[in-house]
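So this one's model_34.txt, compact mmCIF, C-alpha atoms and all ligand atoms:
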# COMPACT_ATOMS: atom_id res chain seq x y z
CA MET A 23 -20.74 80.23 -4.64
CA SER A 24 -22.05 80.20 -8.18
CA ALA A 25 -25.38 78.48 -8.98
CA ASP A 26 -23.51 76.04 -11.24
CA ARG A 27 -21.21 75.01 -8.39
CA ILE A 28 -24.15 74.54 -6.00
CA ASN A 29 -25.94 72.37 -8.58
CA LEU A 30 -22.77 70.33 -9.06
CA LEU A 31 -22.53 69.69 -5.32
CA ARG A 32 -26.21 68.74 -5.19
CA THR A 33 -25.70 66.25 -7.99
CA LYS A 34 -22.81 64.69 -6.13
CA VAL A 35 -24.72 64.35 -2.87
CA PHE A 36 -28.05 63.24 -4.34
CA ASP A 37 -28.07 61.49 -7.69
CA LYS A 38 -31.20 59.43 -7.30
CA SER A 39 -34.05 59.74 -9.78
CA LYS A 40 -37.30 57.97 -10.36
CA TRP A 41 -39.96 58.06 -13.06
CA MET A 42 -43.46 57.15 -11.86
CA GLN A 43 -46.11 56.80 -14.50
CA LEU A 44 -49.66 57.17 -13.22
CA PRO A 45 -53.03 57.48 -15.00
CA ARG A 46 -54.07 61.02 -15.89
CA ASP A 47 -57.86 60.51 -15.72
CA VAL A 48 -59.58 57.99 -13.47
CA VAL A 49 -63.32 57.95 -14.03
CA ILE A 50 -65.32 55.49 -11.90
CA GLY A 51 -69.10 55.26 -11.57
CA HIS A 52 -72.50 54.44 -12.93
CA GLY A 53 -72.72 54.64 -16.73
CA VAL A 54 -69.33 56.33 -17.16
CA ILE A 55 -68.62 54.32 -20.31
CA GLU A 56 -70.86 56.85 -22.08
CA GLN A 57 -68.26 59.50 -21.29
CA LEU A 58 -65.57 57.78 -23.36
CA PRO A 59 -66.02 60.02 -26.43
CA ALA A 60 -65.54 63.13 -24.29
CA ILE A 61 -62.56 61.58 -22.48
CA CYS A 62 -60.89 60.57 -25.79
CA GLU A 63 -61.51 63.98 -27.27
CA ASP A 64 -60.04 65.69 -24.23
CA LEU A 65 -56.92 63.48 -24.36
CA ASP A 66 -56.51 64.12 -28.11
CA LEU A 67 -54.80 60.83 -28.92
CA GLY A 68 -55.35 60.53 -32.68
CA ASP A 69 -58.06 59.69 -35.22
CA SER A 70 -57.95 55.91 -35.10
CA VAL A 71 -58.39 53.49 -32.23
CA LEU A 72 -57.83 49.78 -31.66
CA ILE A 73 -60.36 48.31 -29.24
CA ILE A 74 -58.97 45.13 -27.69
CA SER A 75 -61.63 42.96 -26.11
CA GLY A 76 -62.33 39.32 -25.26
CA ASP A 77 -64.71 36.70 -26.62
CA GLN A 78 -67.26 37.46 -23.91
CA THR A 79 -66.36 40.99 -22.98
CA LYS A 80 -66.80 42.12 -26.58
CA ASP A 81 -70.53 41.61 -26.10
CA VAL A 82 -70.48 42.96 -22.55
CA ALA A 83 -68.85 46.29 -23.47
CA GLY A 84 -66.38 46.09 -26.41
CA LYS A 85 -69.00 46.60 -29.08
CA ARG A 86 -70.62 49.38 -27.04
CA VAL A 87 -67.26 51.19 -26.94
CA GLU A 88 -66.95 50.79 -30.70
CA ALA A 89 -70.46 52.18 -31.23
CA LEU A 90 -69.70 55.14 -28.97
CA LEU A 91 -66.48 56.03 -30.82
CA SER A 92 -67.20 55.08 -34.44
CA GLY A 93 -68.75 58.49 -35.20
CA SER A 94 -65.50 60.31 -34.43
CA TYR A 95 -62.72 57.73 -34.97
CA ASP A 96 -61.66 54.94 -37.33
CA THR A 97 -62.32 51.98 -35.08
CA THR A 98 -60.99 48.42 -35.24
CA ILE A 99 -61.94 45.65 -32.82
CA PHE A 100 -59.32 43.03 -31.97
CA THR A 101 -60.61 39.94 -30.15
CA THR A 102 -58.24 38.10 -27.84
CA SER A 103 -59.54 34.62 -28.74
CA GLY A 104 -57.35 31.55 -28.60
CA THR A 105 -55.22 29.98 -25.94
CA ASP A 106 -51.77 31.06 -27.14
CA TYR A 107 -51.42 34.20 -25.04
CA LEU A 108 -48.01 35.27 -26.41
CA ASP A 109 -49.21 34.86 -30.00
CA THR A 110 -52.30 36.96 -29.19
CA ILE A 111 -50.08 39.68 -27.74
CA LYS A 112 -47.95 39.68 -30.91
CA LYS A 113 -51.02 40.02 -33.14
CA ALA A 114 -52.45 42.78 -30.94
CA GLU A 115 -49.12 44.58 -31.20
CA ALA A 116 -49.21 44.47 -35.02
CA ALA A 117 -52.76 45.89 -34.96
CA SER A 118 -51.75 48.55 -32.44
CA ALA A 119 -48.99 49.81 -34.76
CA GLU A 120 -51.69 50.76 -37.29
CA VAL A 121 -53.68 53.10 -35.02
CA GLY A 122 -53.38 56.28 -32.98
CA PHE A 123 -54.32 54.78 -29.61
CA VAL A 124 -55.53 51.62 -27.90
CA ILE A 125 -58.43 50.82 -25.57
CA GLY A 126 -58.54 47.57 -23.57
CA VAL A 127 -62.10 46.50 -22.69
CA GLY A 128 -62.25 43.38 -20.57
CA GLY A 129 -60.73 41.36 -17.74
CA GLY A 130 -57.08 41.08 -16.69
CA ARG A 131 -55.82 39.28 -19.77
CA VAL A 132 -57.39 41.77 -22.14
CA ILE A 133 -56.09 44.74 -20.17
CA ASP A 134 -52.57 43.25 -20.00
CA THR A 135 -52.63 42.50 -23.75
CA ALA A 136 -53.62 46.11 -24.47
CA LYS A 137 -51.00 47.39 -22.03
CA ILE A 138 -48.17 45.41 -23.62
CA ALA A 139 -49.23 46.04 -27.23
CA SER A 140 -49.44 49.80 -26.62
CA TYR A 141 -46.12 49.86 -24.72
CA ASN A 142 -44.28 48.05 -27.54
CA THR A 143 -45.75 50.32 -30.22
CA ASP A 144 -45.50 53.52 -28.22
CA ARG A 145 -49.24 54.20 -28.21
CA HIS A 146 -51.37 55.55 -25.40
CA PHE A 147 -53.76 53.12 -23.81
CA ILE A 148 -57.12 53.52 -22.04
CA SER A 149 -58.20 50.86 -19.55
CA VAL A 150 -61.90 49.94 -19.51
CA PRO A 151 -62.28 47.05 -17.04
CA THR A 152 -65.43 44.97 -17.34
CA ALA A 153 -64.73 43.23 -14.04
CA ALA A 154 -63.06 44.18 -10.76
CA SER A 155 -61.08 40.96 -10.83
CA HIS A 156 -57.41 42.07 -10.66
CA ASP A 157 -55.32 45.07 -9.65
CA GLY A 158 -53.71 45.58 -13.05
CA ILE A 159 -56.49 47.93 -14.18
CA ALA A 160 -54.46 51.05 -13.39
CA SER A 161 -50.88 49.81 -13.07
CA SER A 162 -47.84 50.07 -15.31
CA ARG A 163 -47.07 46.36 -14.99
CA ALA A 164 -48.22 43.34 -16.93
CA SER A 165 -48.13 39.77 -15.68
CA VAL A 166 -47.54 37.19 -18.39
CA PRO A 167 -47.16 33.42 -18.26
CA THR A 168 -44.22 32.06 -20.31
CA ALA A 169 -42.69 28.62 -20.76
CA ASP A 170 -40.13 29.54 -18.06
CA GLY A 171 -42.77 30.72 -15.60
CA ASN A 172 -44.67 33.93 -15.09
CA VAL A 173 -42.90 37.23 -15.75
CA SER A 174 -43.75 40.73 -14.59
CA LEU A 175 -43.17 43.19 -17.44
CA SER A 176 -42.96 46.95 -17.69
CA ALA A 177 -45.99 48.03 -19.69
CA GLU A 178 -47.87 51.13 -20.76
CA PRO A 179 -49.68 52.66 -17.78
CA PRO A 180 -53.22 53.64 -18.78
CA ILE A 181 -53.54 57.31 -19.63
CA ALA A 182 -57.13 56.94 -18.45
CA VAL A 183 -59.13 54.37 -16.52
CA VAL A 184 -62.85 54.31 -17.26
CA ALA A 185 -64.54 51.89 -14.84
CA ASP A 186 -68.29 51.65 -15.24
CA THR A 187 -69.73 50.26 -12.01
CA GLU A 188 -72.96 49.24 -13.76
CA ILE A 189 -70.99 46.90 -16.06
CA ILE A 190 -68.68 45.70 -13.28
CA ALA A 191 -71.61 44.94 -10.95
CA SER A 192 -73.26 42.84 -13.69
CA ALA A 193 -70.22 40.60 -14.08
CA PRO A 194 -70.28 37.18 -12.36
CA HIS A 195 -69.72 37.71 -8.61
CA ARG A 196 -66.82 35.28 -8.73
CA LEU A 197 -64.77 37.90 -10.62
CA LEU A 198 -65.39 40.60 -8.00
CA ALA A 199 -64.57 38.20 -5.15
CA SER A 200 -61.35 37.29 -6.98
CA GLY A 201 -60.40 40.99 -7.23
CA CYS A 202 -60.98 41.34 -3.47
CA ALA A 203 -58.73 38.34 -2.83
CA ASP A 204 -56.01 39.83 -5.08
CA ILE A 205 -56.04 42.97 -2.91
CA MET A 206 -56.32 41.15 0.42
CA ALA A 207 -53.17 39.27 -0.64
CA ASN A 208 -51.34 42.62 -0.49
CA CYS A 209 -51.09 42.15 3.27
CA THR A 210 -48.79 39.14 2.83
CA ALA A 211 -47.00 40.62 -0.20
CA VAL A 212 -45.84 43.56 1.92
CA LEU A 213 -44.71 41.25 4.74
CA ASP A 214 -42.57 39.39 2.19
CA TRP A 215 -41.18 42.68 0.94
CA GLU A 216 -40.23 43.71 4.49
CA LEU A 217 -38.65 40.31 5.04
CA ALA A 218 -36.58 40.65 1.85
CA HIS A 219 -35.57 44.13 3.00
CA ARG A 220 -34.39 42.89 6.40
CA LEU A 221 -32.67 39.75 5.15
CA ARG A 222 -31.45 40.74 1.72
CA GLY A 223 -31.28 44.52 1.85
CA GLU A 224 -33.89 44.82 -0.90
CA GLN A 225 -34.95 48.40 -1.40
CA LEU A 226 -38.32 49.35 0.09
CA SER A 227 -40.62 52.15 -0.93
CA GLU A 228 -42.40 53.22 2.25
CA TYR A 229 -45.08 55.04 0.25
CA ALA A 230 -45.84 52.10 -2.04
CA LEU A 231 -45.78 49.65 0.87
CA THR A 232 -48.05 51.75 3.07
CA LEU A 233 -50.54 52.41 0.26
CA SER A 234 -50.67 48.72 -0.61
CA ARG A 235 -51.17 47.63 3.01
CA MET A 236 -53.75 50.34 3.68
CA THR A 237 -55.73 49.32 0.58
CA ALA A 238 -55.92 45.73 1.82
CA GLU A 239 -56.91 46.90 5.32
CA ILE A 240 -59.75 49.03 3.97
CA LEU A 241 -61.08 46.03 2.12
CA PHE A 242 -60.86 43.78 5.21
CA LYS A 243 -62.79 46.45 7.12
CA ASN A 244 -65.47 46.63 4.42
CA ALA A 245 -65.72 42.89 3.72
CA ASP A 246 -69.33 42.87 5.04
CA LEU A 247 -70.33 45.38 2.35
CA ILE A 248 -69.13 43.24 -0.57
CA LYS A 249 -72.26 41.68 -2.06
CA PRO A 250 -73.03 40.09 -5.43
CA HIS A 251 -74.20 42.44 -8.16
CA SER A 252 -74.19 45.56 -6.00
CA GLU A 253 -72.89 48.75 -7.55
CA GLU A 254 -71.70 49.94 -4.14
CA SER A 255 -69.52 46.82 -3.88
CA ALA A 256 -68.20 47.38 -7.41
CA TRP A 257 -67.36 50.95 -6.39
CA ILE A 258 -65.49 49.93 -3.22
CA VAL A 259 -63.48 47.20 -4.94
CA THR A 260 -62.66 49.20 -8.08
CA LYS A 261 -61.29 52.08 -6.03
CA ALA A 262 -59.16 49.60 -4.08
CA LEU A 263 -57.86 48.06 -7.33
CA VAL A 264 -56.86 51.48 -8.64
CA SER A 265 -55.14 52.29 -5.35
CA SER A 266 -53.25 48.99 -5.38
CA GLY A 267 -52.21 49.57 -9.01
CA VAL A 268 -50.93 53.02 -8.09
CA ALA A 269 -48.84 51.43 -5.31
CA MET A 270 -47.19 49.20 -7.94
CA SER A 271 -46.60 52.17 -10.22
CA ILE A 272 -44.99 54.10 -7.35
CA ALA A 273 -42.72 51.13 -6.59
CA GLY A 274 -41.96 50.62 -10.28
CA SER A 275 -42.51 46.89 -9.72
CA SER A 276 -45.30 44.56 -8.66
CA ARG A 277 -43.56 43.98 -5.27
CA PRO A 278 -46.20 45.84 -3.19
CA GLY A 279 -48.92 43.52 -4.50
CA SER A 280 -47.09 40.29 -5.25
CA GLY A 281 -45.17 38.07 -2.84
CA GLY A 282 -45.08 34.36 -2.04
CA GLU A 283 -48.87 34.01 -2.40
CA HIS A 284 -48.53 35.24 -6.03
CA LYS A 285 -45.63 32.90 -6.74
CA PHE A 286 -47.82 30.04 -5.42
CA SER A 287 -50.59 31.24 -7.78
CA HIS A 288 -48.19 31.38 -10.75
CA ALA A 289 -46.93 27.86 -9.92
CA LEU A 290 -50.55 26.67 -10.00
CA ASP A 291 -51.00 28.39 -13.40
CA LYS A 292 -48.43 25.89 -14.68
CA LEU A 293 -49.31 22.82 -12.61
CA ALA A 294 -53.09 23.10 -12.94
CA PRO A 295 -53.78 25.31 -15.97
CA GLY A 296 -57.27 26.70 -16.24
CA LYS A 297 -58.19 25.98 -12.61
CA GLY A 298 -59.22 29.00 -10.55
CA LEU A 299 -58.93 32.71 -11.20
CA HIS A 300 -55.75 34.68 -10.53
CA GLY A 301 -57.04 36.44 -7.39
CA GLU A 302 -58.65 33.26 -6.05
CA LYS A 303 -55.30 31.44 -6.12
CA CYS A 304 -53.52 34.40 -4.51
CA GLY A 305 -56.09 34.53 -1.69
CA ILE A 306 -55.69 30.80 -1.02
CA GLY A 307 -51.90 31.23 -1.03
CA ALA A 308 -52.07 34.19 1.34
CA ILE A 309 -53.65 31.99 4.04
CA ILE A 310 -50.50 29.86 4.15
CA THR A 311 -47.97 32.67 3.78
CA MET A 312 -49.70 34.69 6.52
CA TYR A 313 -49.57 31.63 8.80
CA LEU A 314 -45.83 31.34 8.10
CA HIS A 315 -45.36 35.03 8.89
CA GLY A 316 -47.08 34.39 12.24
CA GLY A 317 -49.95 36.75 11.37
CA ASP A 318 -53.74 36.52 11.43
CA TRP A 319 -54.25 33.83 8.77
CA GLU A 320 -57.70 33.01 10.14
CA GLY A 321 -58.69 36.65 9.59
CA ILE A 322 -57.76 36.32 5.90
CA ARG A 323 -59.63 33.03 5.59
CA ASP A 324 -62.77 34.41 7.27
CA SER A 325 -62.77 37.61 5.16
CA LEU A 326 -62.36 35.59 1.96
CA ARG A 327 -65.31 33.42 3.02
CA LYS A 328 -67.39 36.50 3.78
CA ILE A 329 -66.95 37.92 0.29
CA GLY A 330 -67.54 34.53 -1.36
CA ALA A 331 -63.97 33.76 -2.45
CA PRO A 332 -62.55 30.22 -2.17
CA THR A 333 -60.27 29.43 0.77
CA THR A 334 -59.06 25.93 -0.16
CA PRO A 335 -57.44 24.46 -3.29
CA ALA A 336 -60.27 21.86 -3.41
CA GLU A 337 -62.82 24.64 -4.00
CA ILE A 338 -61.11 25.49 -7.30
CA GLY A 339 -60.64 21.86 -8.29
CA ILE A 340 -57.01 21.49 -7.15
CA ASP A 341 -55.98 18.49 -5.05
CA ASP A 342 -53.79 18.81 -1.97
CA GLU A 343 -50.72 17.18 -3.55
CA THR A 344 -50.75 19.74 -6.39
CA ALA A 345 -51.01 22.54 -3.82
CA VAL A 346 -47.97 21.07 -2.00
CA GLU A 347 -46.08 20.91 -5.29
CA ALA A 348 -47.00 24.54 -6.04
CA LEU A 349 -45.80 25.69 -2.62
CA LEU A 350 -42.42 24.07 -3.30
CA ALA A 351 -42.25 25.21 -6.94
CA ALA A 352 -43.09 28.80 -5.96
CA ARG A 353 -39.46 29.57 -5.07
CA THR A 354 -38.33 28.66 -8.60
CA ILE A 355 -40.58 31.36 -10.07
CA ARG A 356 -38.81 34.71 -10.14
CA PRO A 357 -36.19 33.40 -7.68
CA GLU A 358 -34.82 36.91 -7.20
CA ARG A 359 -38.09 37.82 -5.44
CA PHE A 360 -37.35 36.55 -1.93
CA THR A 361 -40.38 35.55 0.15
CA ILE A 362 -41.33 33.54 3.21
CA LEU A 363 -41.58 30.44 0.96
CA ASP A 364 -37.77 30.62 0.59
CA MET A 365 -37.30 30.16 4.33
CA GLY A 366 -36.79 26.40 4.50
CA LEU A 367 -40.16 24.95 3.50
CA THR A 368 -39.88 21.19 2.95
CA GLN A 369 -42.21 18.68 1.35
CA GLU A 370 -43.20 17.40 4.80
CA SER A 371 -43.89 20.87 6.21
CA ALA A 372 -45.78 21.87 3.05
CA ARG A 373 -47.96 18.74 3.39
CA GLU A 374 -48.65 19.54 7.06
CA LEU A 375 -49.56 23.15 6.25
CA VAL A 376 -51.93 22.15 3.46
CA LYS A 377 -53.61 19.56 5.71
CA MET A 378 -53.92 21.94 8.66
CA LEU A 379 -54.84 25.24 6.98
CA TYR A 380 -57.06 24.06 4.16
CA ARG A 381 -59.60 22.13 6.20
CA GLU A 382 -63.13 22.84 4.93
N1 LIG B 1 -50.98 43.74 -14.69
C1 LIG B 1 -51.12 43.39 -13.44
O1 LIG B 1 -50.55 44.01 -12.54
C2 LIG B 1 -51.99 42.24 -13.12
C3 LIG B 1 -52.34 41.33 -14.09
N2 LIG B 1 -53.13 40.26 -13.78
C4 LIG B 1 -53.42 39.33 -14.86
O2 LIG B 1 -54.80 39.38 -15.16
C5 LIG B 1 -55.26 38.09 -15.51
C6 LIG B 1 -56.37 37.69 -14.58
O3 LIG B 1 -57.45 38.54 -14.78
P1 LIG B 1 -58.93 37.97 -14.64
O4 LIG B 1 -59.82 39.12 -14.96
O5 LIG B 1 -59.05 37.28 -13.35
O6 LIG B 1 -59.02 36.83 -15.75
P2 LIG B 1 -59.38 36.89 -17.31
O7 LIG B 1 -58.94 38.12 -17.94
O8 LIG B 1 -58.89 35.61 -17.84
O9 LIG B 1 -60.98 36.90 -17.29
C7 LIG B 1 -61.70 35.82 -16.76
C8 LIG B 1 -62.97 35.61 -17.53
O10 LIG B 1 -63.93 36.60 -17.14
C9 LIG B 1 -64.57 37.08 -18.31
N3 LIG B 1 -65.17 38.39 -18.02
C10 LIG B 1 -64.57 39.57 -17.74
N4 LIG B 1 -65.50 40.53 -17.52
C11 LIG B 1 -66.71 39.96 -17.66
C12 LIG B 1 -68.03 40.42 -17.56
N5 LIG B 1 -68.32 41.70 -17.26
N6 LIG B 1 -69.04 39.54 -17.78
C13 LIG B 1 -68.78 38.25 -18.10
N7 LIG B 1 -67.54 37.74 -18.20
C14 LIG B 1 -66.51 38.59 -17.98
C15 LIG B 1 -63.50 37.06 -19.37
O11 LIG B 1 -64.07 37.09 -20.65
P3 LIG B 1 -63.24 37.22 -22.05
O12 LIG B 1 -63.29 35.80 -22.60
O13 LIG B 1 -64.00 38.16 -22.86
O14 LIG B 1 -61.86 37.64 -21.75
C16 LIG B 1 -62.81 35.73 -19.05
O15 LIG B 1 -63.47 34.66 -19.66
C17 LIG B 1 -54.07 37.15 -15.43
O16 LIG B 1 -53.51 36.99 -16.71
C18 LIG B 1 -53.15 37.89 -14.48
O17 LIG B 1 -51.83 37.51 -14.65
C19 LIG B 1 -53.62 40.08 -12.54
C20 LIG B 1 -53.32 40.96 -11.54
C21 LIG B 1 -52.48 42.11 -11.74
O1 LIG B 2 -50.85 40.10 -9.89
C1 LIG B 2 -50.16 41.05 -9.62
C2 LIG B 2 -50.46 41.97 -8.52
O2 LIG B 2 -51.70 41.67 -7.96
C3 LIG B 2 -48.93 41.25 -10.40
O3 LIG B 2 -48.09 40.34 -9.88
P1 LIG B 2 -46.96 39.52 -10.61
O4 LIG B 2 -45.90 40.50 -10.82
O5 LIG B 2 -46.66 38.46 -9.64
O6 LIG B 2 -47.49 38.96 -11.87
ZN ZN B 3 -52.43 39.71 -8.41
Can you give me the file's structure in the form of structure tokens?
Amino acid sequence: MSADRINLLRTKVFDKSKWMQLPRDVVIGHGVIEQLPAICEDLDLGDSVLIISGDQTKDVAGKRVEALLSGSYDTTIFTTSGTDYLDTIKKAEAASAEVGFVIGVGGGRVIDTAKIASYNTDRHFISVPTAASHDGIASSRASVPTADGNVSLSAEPPIAVVADTEIIASAPHRLLASGCADIMANCTAVLDWELAHRLRGEQLSEYALTLSRMTAEILFKNADLIKPHSEESAWIVTKALVSSGVAMSIAGSSRPGSGGEHKFSHALDKLAPGKGLHGEKCGIGAIITMYLHGGDWEGIRDSLRKIGAPTTPAEIGIDDETAVEALLAARTIRPERFTILDMGLTQESARELVKMLYRE
């Protein structure tokens, strides 16, 4: 049989394809921000760079990045001030179109802004997290609130991640604890994914699912080691965040790291804007969704407590009735993403759950 004929048969039998975009360089450790010039030179991305940073993170690291690169590149700093997130993204996009590449220096919002701006202008993007507060630092997804609810968007995966544990360990501990909660919530996200697979035939990626679950398990095992302002803690959590981001990139969606607990968190973004950090809300949500899955919800609650993350809505200034409303509204956010919260929760049962599981 000719090679052409064999190839034809192969195409007929197996016509699946997948494009996974993963970071090329991941540099984590003490003082690694100083290596940015060498990393940029090695990647050869152009002569001009847009540094996207936040109001606070500009002083924490954004200006340092500019100082490190200004000798070799035309540098511009873009600050993500203001409350209109979508408008900020649009402005960042316009600035990104003027440069060779983009660096995001900050927390989750800054990194997502840089990721979206670079994706829409076809620029490479380097992720420089100043806090280990979310698992978007290495992923190819961005999570954006809109008037119709939160959306998960395809975005530019970082070509490099440069995570300086000295900077990350100096950030307020609340941010690190929130990042831990975001990862611990993977254990319920994957249960929701399996549920959707069994009930709805949703496609599973065994690799993405296993990596996501394993990352959460490692963090549960090491919860005792997570201490405020410790570089070892920053190291453990940052590696977990990268691993969780890679799981999402393998899946090509945020499914491995986002289930009902995330939909609860996104509902709270709308119902109680400005209250609590992303990961904190996901951790609180995971207590309820794990209870509904029949799993070890007390284990999640106790691990969150150990690392200093909140375990009740009250701790982030949210009253019980709003939490009940968020549990019910969760199913209206990305309704195509089936989770345990779609399995017949009522106002009465939501009230009971909130009363029973969120006791101080
Ligand atoms: N793409 C993805 O897959 C994911 C995306 N996300 C998204 O990320 C966002 C949440 O990220 P999160 O980091 O919790 O929140 P923010 O990005 O809103 O950051 C919270 C605050 O922490 C500040 N901050 C960050 N680093 C430091 C530091 N070293 N020292 C002092 N202050 C610091 C920020 O300052 P500044 O004012 O400078 O910004 C900001 O005021 C949400 O928008 C969420 O949707 C979350 C998970 C995954
Ligand atoms: O936060 C995320 C993973 O931790 C991304 O999730 P969403 O797709 O729900 O925004
Ligand atoms: Zn998350």
Within 7 Å of range 294-311 of chain A using only C-alpha atoms, minus same-chain residues under 3 positions, as a PyMOL selection string
chain A and resi 155-156+200-201+203-204+206-207+210+282-284+286-287+290-291+314-315+319+322-323+331-335+338-339+362+379
Around ligand LIG 1 (chain B), out to 7 Å and counting only C-alpha atoms and all ligand atoms, which residues are there? I want them as JSON, numbers by chain.
{"A": [75, 76, 77, 78, 79, 80, 82, 128, 129, 130, 131, 132, 134, 152, 153, 155, 156, 157, 158, 159, 161, 163, 164, 165, 166, 189, 190, 192, 193, 194, 197, 200, 267, 276, 299, 300, 301]}
One number please: CA of Asp341 in chain A to CA of Ala372 in chain A, in Å, one decimal.
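Between these atoms lies a distance of 13.5 Å.
You can rank A:Ala154, A:Ala218, A:Ile240, A:Val346 by their closest distance to ligand ZN 3 (chain B) using all atoms listed in the file, and at the top of that list sits A:Ala154.
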In Å, with one decimal, what is the gap from CA of Ser174 in chain A to atom O3 of ligand LIG 2 (chain B)?
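Value for the CA of Ser174 in chain A-atom O3 of ligand LIG 2 (chain B) distance: 6.4 Å.
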Please enclose the listed atoms of ligand LIG 2 (chain B) in an axis-aligned box, pad each side by 4 Å, and write out the centre and the three edge lengths in Å, rounded to one decimal, as JSON.
{"center_x": -48.8, "center_y": 40.2, "center_z": -9.9, "size_x": 13.8, "size_y": 11.5, "size_z": 11.9}
If we draw a sphere of 12 Å around (-64.2, 41.4, 1.8), which residues have at least one atom in it when counting only C-alpha atoms? Please report them as a PyMOL selection string.
chain A and resi 198-207+237-250+255-256+258-259+262+305+321-332
Neighbours of Ala211 in chain A within 8 Å (only C-alpha atoms; same-chain residues fewer than 5 positions away dropped), as number ranges by chain?
A: 277-283
Tell me which protein, DNA and RNA residues are within 10 Å of Ile55 in chain A, counting all atoms listed in the file, leaving out same-chain ones fewer than 4 positions away, and put them as a list in words.
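In the requested form, the answer reads Val49, Ile50, Gly51, Pro59, Ile61, Ala83, Arg86, Val87, Leu90, Val150, Val184, Ala185, Asp186, Thr187, Glu188 and Ile189 of chain A.
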Got a sec: who's within 10 Å of Ile125 in chain A, counting only C-alpha atoms, leaving out chain neighbours fewer than 4 positions off, as an NGL selection string?
:A and (71-75 or 84 or 87-88 or 99 or 118 or 132-133 or 136-137 or 140 or 146-150 or 180 or 182-183)
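In this comparison, which uses all atoms listed in the file, the residue of A:Met270, A:Leu363, A:Ala114, A:Met236 approaching ligand LIG 2 (chain B) most closely is A:Met270.
Of the listed residues (A:Ala336, A:Thr168, A:Leu65, A:Val48), A:Thr168 comes nearest to Asp109 in chain A; the distances count only C-alpha atoms.
The closest residue to ligand LIG 2 (chain B), picked from A:Glu115, A:Met365, A:Pro179, A:Ser162 and counting all atoms listed in the file, is A:Ser162.
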For range 276-287 of chain A, supply N, CA and C atoms and format the output as a compact mmCIF listing (two decimals), keeping the file's coordinate frame.
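What follows is the written file part12.txt:
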# COMPACT_ATOMS: atom_id res chain seq x y z
N SER A 276 -44.07 45.09 -9.25
CA SER A 276 -45.30 44.56 -8.66
C SER A 276 -45.08 44.13 -7.20
N ARG A 277 -43.91 44.41 -6.62
CA ARG A 277 -43.56 43.98 -5.27
C ARG A 277 -44.63 44.32 -4.22
N PRO A 278 -45.22 45.53 -4.25
CA PRO A 278 -46.20 45.84 -3.19
C PRO A 278 -47.43 44.93 -3.23
N GLY A 279 -47.70 44.33 -4.39
CA GLY A 279 -48.92 43.52 -4.50
C GLY A 279 -48.65 42.08 -4.87
N SER A 280 -47.39 41.65 -4.82
CA SER A 280 -47.09 40.29 -5.25
C SER A 280 -45.91 39.72 -4.48
N GLY A 281 -46.23 38.75 -3.60
CA GLY A 281 -45.17 38.07 -2.84
C GLY A 281 -45.31 36.57 -3.03
N GLY A 282 -45.05 35.82 -1.96
CA GLY A 282 -45.08 34.36 -2.04
C GLY A 282 -46.43 33.83 -2.48
N GLU A 283 -47.52 34.48 -2.02
CA GLU A 283 -48.87 34.01 -2.40
C GLU A 283 -49.07 34.10 -3.92
N HIS A 284 -48.44 35.11 -4.57
CA HIS A 284 -48.53 35.24 -6.03
C HIS A 284 -47.66 34.19 -6.72
N LYS A 285 -46.50 33.92 -6.12
CA LYS A 285 -45.63 32.90 -6.74
C LYS A 285 -46.31 31.52 -6.66
N PHE A 286 -47.02 31.28 -5.55
CA PHE A 286 -47.82 30.04 -5.42
C PHE A 286 -48.88 30.01 -6.53
N SER A 287 -49.55 31.15 -6.73
CA SER A 287 -50.59 31.24 -7.78
C SER A 287 -49.99 30.99 -9.17
